[in-house]
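**Student:** Submitted below is the structure of interest, expressed as structure tokens.
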Protein chains: 2
Amino acid sequence: MSIIPSLPLPVSGSRFRAVYQLLGDEKTARDRAEDICIEETIEYPPELVPAGGIREHVFGRIEMFEPLDAQHYRATISFADELTGYEFPQLVNVLFGNISMKPGIRLIRLDLSDALLAHFKGPRFGIQGLRRLLGIPTRPLLSTATKPLGLSATQLAEMAYKLALGGIDIIKDDHGLADQPFAPFEERVARTAEAVANANARTGGHTLYMPNVTGPFESMLERIQFAKQAGAGGLMLIPAHTGLDFMRRLADDATIGLPIMSHPAFIGSYVLNPDLGVSHRVLHGQLLRLAGADLSIFPNYVGRFASYTRADCLGIAEGCNTPMGPLKAIFSAPGGGIAPESFADMLSVYGRDVAFLMSSNLHRAGPDLTATVQRFRALLEAL
Amino acid sequence: MSIIPSLPLPVSGSRFRAVYQLLGDEKTARDRAEDICIEETIEYPPELVPAGGIREHVFGRIEMFEPLDAQHYRATISFADELTGYEFPQLVNVLFGNISMKPGIRLIRLDLSDALLAHFKGPRFGIQGLRRLLGIPTRPLLSTATKPLGLSATQLAEMAYKLALGGIDIIKDDHGLADQPFAPFEERVARTAEAVANANARTGGHTLYMPNVTGPFESMLERIQFAKQAGAGGLMLIPAHTGLDFMRRLADDATIGLPIMSHPAFIGSYVLNPDLGVSHRVLHGQLLRLAGADLSIFPNYVGRFASYTRADCLGIAEGCNTPMGPLKAIFSAPGGGIAPESFADMLSVYGRDVAFLMSSNLHRAGPDLTATVQRFRALLEAL
């Protein structure tokens, strides 16, 4: 009685894999795995689909199903590359679209085919590219934000000058700096970029300023052009607001050609519940890397957030570095109240390809920001 | 020892409010509320901020703090309108930015000031506008999707023709239809729009076809123009992929001028954990409405998702309709395996301004889609 024809479907045969953690006993977990195969593809009564191309190629396929721990199973599910249309939003849709609304399912790993990865450029700079820009071959990076919201453009620029004078590697806008009347976007970016350039000229350093270009869609490309012309050394973006694909679009755009720092505001809801959403490794690592981030900011396991564990952060570092075809590896950028006392321990989690993001404890260390940066940087150089 | 100056800050004095549900005893919950005031604004050590403009105007302010139930408190927190820069992404940033990464906090209600709401147009059509387009003054709407993925453009268009012939109100693309080789975007949209126009010409009806225009950022505006010129009666968008602000931008654009149907793929992670994220009411109701959705799709409390409760869905209906200054009220669009047996009960939850989204059970009812639509529509007319 099906109205769906039983036709062969021309497909490449190439499939990509995703690994899901499934809550429940074997029966429950297997039901969830089978549900993923349907809900993420045909989203249609499977009993109405006859043998043939759709059943054979469009349905997701359980490639592996195994116990993970007392409460969970783990399923590896493959999907035909063609389902994505080779587009980033639809790839995410297949990986975690409708099932984001179902309980007990967490996406914990991506294993994309080379054929699919060939359609995505990923980060333009990655670790090596960014290290070349900064002239820092191996040590961990030190980055910070100008803040708080409420300061004028002049005050923020003065702060950036002092920080750059100390030799900090990256200065980003606080993620809450948009285009407020206190410090309008163009004035803030122009003054801060100029201040950082002046400090670099004085020190011979290569501090990069990465303004927050997240904004209304009508204005973002203009803001990005403005930032580039003003001398920004990179761009900060909040992909949960712009869509991850907008970051991909920026990274792909050779006329922009600046490194991208990804800020995690509004994105934590994907990771915080261990039986839902997307793992830290996938979200802050593999997915943002696929979307073109060169640095991925997230809350460190020690600090004021206290919501990400050491294991979560290890997962992020892995996701930033794990082989993904030709995609470049990227910097983990832990932040959220980290302190120099933790530098050594953090290296054991992140390795040396890490950009520590420090603001609160940098300001708490005293009013001479330049001296504090010099001191923290020396600590990193000595590690 | 603060480096932050104590200057007056020119602000309008207008503030907007957000209500948060906080997990924990009174002390824990109050700490969370105070944390929101800082983390969502200055994100800076408060002890380093002297008396003056920033402390007075930029800090969030707890306006009310009260017990909610045995495990929770509820805090109403106000923020200066200026913090948003009157831009949608930064408004969301203030409401639920960094705190998305902290446990025990859930955004459950928006109470925006009239002064702030004046900067947002919201839905272009809303309930009354869409009812006028459809020529349906009061009854609930019936909508469906063409599917499954894997059918050709011709097959999808034939399906749309049969559905429109039965007098269905809205036909959308399945949310997994992007620009796959099986049914490329332009061919699919052109054929389906033509099929629906032909059926409308035969019936004298007003079925609207709403193609999925979610795609890579380089192509979305082109796809939207193509859809409009092909005769699409609306647009379907997946805001979790495009960013909510992209929907706002489409709704604001008079040169597009089509109703917008919001699809919830990849967004469920915000609502599923009751102590995290954003409530159903805010996410699927108030926030998407502010972003310009005319119809908000979500999984119904009865159906194959079984993850949203009746109370959750009541909340969504409220969020779609609750007074928000000049913003139009919008349609709840529950889907996910709903059946005609539930129509009456669902009316008691959603009221009559609801668009039932039915596909699986419409196809399960037999191969004559036209007859099934006629039968279901008659049931709705009799309610």
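Identifiers for the structure tokens are assigned positionally: chains receive A, B, ... in sequence, residues are indexed from 1 per chain, and ligands are indexed from 1 in the order shown.
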Quick one: residues within 12 Å of Lys328 of chain A, only C-alpha atoms, excluding same-chain residues fewer than 5 positions away - as an NGL selection string?

**Tutor:** :A and (117 or 120-130 or 285-286 or 288-295 or 319-323)

**Student:** I'd like the neighbourhood of His263 of chain A as a ChimeraX atom specification, where a residue qualifies if any of its atoms comes within 12 Å (using only C-alpha atoms), though same-chain residues fewer than 3 positions away should be ignored.

**Tutor:** /A:145,172-176,210-214,235-242,244,247,260,266-268,283-284,288,293-299,332-336,357 /B:93,97-98,101

**Student:** Take the residues from that selection and write them out as a tab-separated table (two decimals), in the first residue's frame, keeping N, CA and C atoms.

**Tutor:**
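result-v4.tsv, written as the output of this step:
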chain	number	residue	atom	x	y	z
A	145	ALA	N	40.67	39.49	27.23
A	145	ALA	CA	39.59	40.29	26.66
A	145	ALA	C	39.61	41.67	27.28
A	172	LYS	N	41.08	39.92	22.64
A	172	LYS	CA	39.77	39.92	21.99
A	172	LYS	C	38.87	40.91	22.71
A	173	ASP	N	37.82	41.34	22.03
A	173	ASP	CA	36.76	42.07	22.71
A	173	ASP	C	36.08	41.13	23.69
A	174	ASP	N	35.60	41.66	24.80
A	174	ASP	CA	34.69	40.87	25.61
A	174	ASP	C	33.50	40.49	24.72
A	175	HIS	N	32.94	39.30	24.94
A	175	HIS	CA	31.91	38.83	24.01
A	175	HIS	C	30.61	39.64	24.14
A	176	GLY	N	30.49	40.42	25.19
A	176	GLY	CA	29.30	41.27	25.34
A	176	GLY	C	29.45	42.62	24.66
A	210	MET	N	41.44	40.76	18.15
A	210	MET	CA	40.33	40.06	17.51
A	210	MET	C	39.00	40.61	18.01
A	211	PRO	N	38.43	41.57	17.29
A	211	PRO	CA	37.17	42.17	17.73
A	211	PRO	C	36.00	41.21	17.58
A	212	ASN	N	34.99	41.43	18.40
A	212	ASN	CA	33.75	40.65	18.30
A	212	ASN	C	32.92	41.20	17.14
A	213	VAL	N	32.76	40.39	16.11
A	213	VAL	CA	32.01	40.86	14.94
A	213	VAL	C	30.60	40.28	14.90
A	214	THR	N	30.20	39.60	15.95
A	214	THR	CA	28.84	39.06	16.03
A	214	THR	C	27.85	40.21	16.05
A	235	LEU	N	39.22	37.60	14.08
A	235	LEU	CA	37.81	37.92	14.31
A	235	LEU	C	37.29	37.02	15.42
A	236	MET	N	36.51	37.60	16.32
A	236	MET	CA	35.83	36.77	17.31
A	236	MET	C	34.37	36.65	16.92
A	237	LEU	N	33.84	35.45	17.00
A	237	LEU	CA	32.47	35.21	16.58
A	237	LEU	C	31.79	34.32	17.62
A	238	ILE	N	30.49	34.53	17.80
A	238	ILE	CA	29.71	33.68	18.69
A	238	ILE	C	28.81	32.82	17.82
A	239	PRO	N	29.23	31.61	17.49
A	239	PRO	CA	28.50	30.85	16.48
A	239	PRO	C	27.10	30.43	16.90
A	240	ALA	N	26.83	30.35	18.21
A	240	ALA	CA	25.46	30.01	18.62
A	240	ALA	C	24.49	31.13	18.22
A	241	HIS	N	24.99	32.34	18.05
A	241	HIS	CA	24.11	33.42	17.60
A	241	HIS	C	24.08	33.55	16.08
A	242	THR	N	25.20	33.30	15.45
A	242	THR	CA	25.27	33.53	14.00
A	242	THR	C	24.95	32.29	13.19
A	244	LEU	N	26.49	28.14	13.07
A	244	LEU	CA	27.84	27.64	12.86
A	244	LEU	C	28.27	27.82	11.41
A	247	MET	N	30.25	30.93	10.50
A	247	MET	CA	31.69	30.84	10.77
A	247	MET	C	32.40	30.12	9.63
A	260	ILE	N	40.04	32.96	13.21
A	260	ILE	CA	38.74	33.07	13.87
A	260	ILE	C	38.79	32.44	15.25
A	266	PHE	N	25.85	31.06	24.83
A	266	PHE	CA	24.57	30.50	24.36
A	266	PHE	C	24.72	29.07	23.83
A	267	ILE	N	25.89	28.45	24.02
A	267	ILE	CA	26.06	27.12	23.44
A	267	ILE	C	26.16	26.02	24.50
A	268	GLY	N	26.30	26.43	25.78
A	268	GLY	CA	26.51	25.44	26.84
A	268	GLY	C	25.38	24.44	27.00
A	283	LEU	N	31.30	19.15	20.21
A	283	LEU	CA	30.84	20.53	20.04
A	283	LEU	C	32.00	21.52	20.00
A	284	HIS	N	32.78	21.55	21.09
A	284	HIS	CA	33.84	22.55	21.18
A	284	HIS	C	35.07	22.16	20.37
A	288	LEU	N	33.19	22.68	15.79
A	288	LEU	CA	33.64	24.05	15.57
A	288	LEU	C	34.86	24.08	14.66
A	293	ALA	N	36.77	27.31	13.05
A	293	ALA	CA	37.40	28.02	14.17
A	293	ALA	C	38.89	27.69	14.21
A	294	ASP	N	39.71	28.70	14.47
A	294	ASP	CA	41.14	28.45	14.71
A	294	ASP	C	41.43	28.34	16.20
A	295	LEU	N	40.58	28.96	17.01
A	295	LEU	CA	40.67	28.85	18.47
A	295	LEU	C	39.27	28.63	18.99
A	296	SER	N	39.13	27.67	19.90
A	296	SER	CA	37.81	27.37	20.45
A	296	SER	C	37.81	27.67	21.96
A	297	ILE	N	37.09	28.73	22.32
A	297	ILE	CA	36.99	29.11	23.74
A	297	ILE	C	35.95	28.25	24.44
A	298	PHE	N	36.24	27.88	25.68
A	298	PHE	CA	35.28	27.13	26.51
A	298	PHE	C	35.71	27.29	27.96
A	299	PRO	N	34.83	27.00	28.91
A	299	PRO	CA	35.20	27.17	30.32
A	299	PRO	C	36.13	26.06	30.81
A	332	SER	N	42.84	24.79	21.61
A	332	SER	CA	41.92	24.86	22.74
A	332	SER	C	42.15	26.23	23.39
A	333	ALA	N	41.08	26.89	23.79
A	333	ALA	CA	41.22	28.20	24.45
A	333	ALA	C	40.38	28.22	25.73
A	334	PRO	N	40.87	27.54	26.77
A	334	PRO	CA	40.12	27.51	28.03
A	334	PRO	C	40.15	28.87	28.72
A	335	GLY	N	39.03	29.23	29.31
A	335	GLY	CA	38.93	30.51	30.01
A	335	GLY	C	37.99	30.37	31.19
A	336	GLY	N	37.56	31.49	31.72
A	336	GLY	CA	36.58	31.45	32.82
A	336	GLY	C	37.22	31.41	34.19
A	357	LEU	N	42.97	31.87	28.15
A	357	LEU	CA	42.21	33.12	28.09
A	357	LEU	C	42.02	33.63	29.51
B	93	ASN	N	22.43	37.22	24.09
B	93	ASN	CA	23.67	37.13	24.87
B	93	ASN	C	23.46	37.55	26.32
B	97	GLY	N	23.72	34.01	27.78
B	97	GLY	CA	24.99	33.87	27.07
B	97	GLY	C	25.92	32.92	27.81
B	98	ASN	N	26.81	33.50	28.60
B	98	ASN	CA	27.75	32.66	29.36
B	98	ASN	C	27.06	31.74	30.35
B	101	MET	N	26.50	28.01	30.13
B	101	MET	CA	27.53	27.04	30.53
B	101	MET	C	27.58	26.81	32.03

**Student:** DSSP on the backbone: what in segment 107-329 of chain A comes out strand (DSSP E), as a ChimeraX atom specification?

**Tutor:** /A:107-111,141-146,170-173,208-210,235-237,260-262,295-299

**Student:** With a distance cut-off of 10 Å and only C-alpha atoms, select the neighbouring residues of segment 225-229 of chain B, excluding the residue or stretch itself and same-chain residues fewer than 4 positions from it, and output the selection as a ChimeraX atom specification.

**Tutor:** /B:185-186,188-190,193,209-213,220-221,233-235,255-258

**Student:** Which of these residues is nearest to Asp111 of chain A, using only C-alpha atoms: A:Ile62, A:Met324, A:Ile136, A:Ile224?

**Tutor:**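 Smallest separation from Asp111 of chain A among the options: A:Met324.
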
**Student:** Based on only C-alpha atoms, which of the residues in chain A come within 7 Å of chain B? I want them as number ranges by chain.

**Tutor:** A: 1-3, 41-45, 54, 58, 82-85, 87-90, 93, 96-98, 100-103, 148-150, 176, 178-181, 215-217, 240-246, 249, 265-270, 272, 276-277, 305, 307, 360, 367

**Student:** Within 9 Å of Asp353 of chain A, counting only C-alpha atoms, which residues qualify if same-chain residues fewer than 3 places away don't, as a ChimeraX atom specification?

**Tutor:** /A:127,138-141,317,330-332,347,350

**Student:** Could you save the residues just selected, with C-alpha atoms, as an mmCIF file, in the first residue's frame?

**Tutor:**
data_model
loop_
_atom_site.group_PDB
_atom_site.id
_atom_site.type_symbol
_atom_site.label_atom_id
_atom_site.label_comp_id
_atom_site.auth_asym_id
_atom_site.auth_seq_id
_atom_site.Cartn_x
_atom_site.Cartn_y
_atom_site.Cartn_z
ATOM 1 C CA ILE A 127 47.693 25.808 15.035
ATOM 2 C CA THR A 138 55.840 26.101 20.484
ATOM 3 C CA ARG A 139 54.830 27.761 23.758
ATOM 4 C CA PRO A 140 51.250 28.041 25.022
ATOM 5 C CA LEU A 141 49.547 31.302 24.077
ATOM 6 C CA ALA A 317 41.583 19.009 23.410
ATOM 7 C CA ILE A 330 43.193 24.066 16.277
ATOM 8 C CA PHE A 331 43.886 25.707 19.614
ATOM 9 C CA SER A 332 41.924 24.865 22.741
ATOM 10 C CA LEU A 347 49.390 21.675 30.057
ATOM 11 C CA TYR A 350 45.705 20.528 26.686
#

**Student:** With only C-alpha atoms as the atoms that count, which of B:Tyr161, B:Phe65, B:Phe376, B:Phe356 lies nearest to Ser143 of chain B?

**Tutor:**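 Comparing B:Tyr161, B:Phe65, B:Phe376, B:Phe356 against Ser143 of chain B, the winner is B:Phe356.
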
**Student:** Here is a test: counting only C-alpha atoms, which residue of A:Ala329, A:Ser78, A:His280, A:Glu381 is nearest to Ala344 of chain A?

**Tutor:**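 Of A:Ala329, A:Ser78, A:His280, A:Glu381, the one nearest Ala344 of chain A, counting only C-alpha atoms, is A:Glu381.
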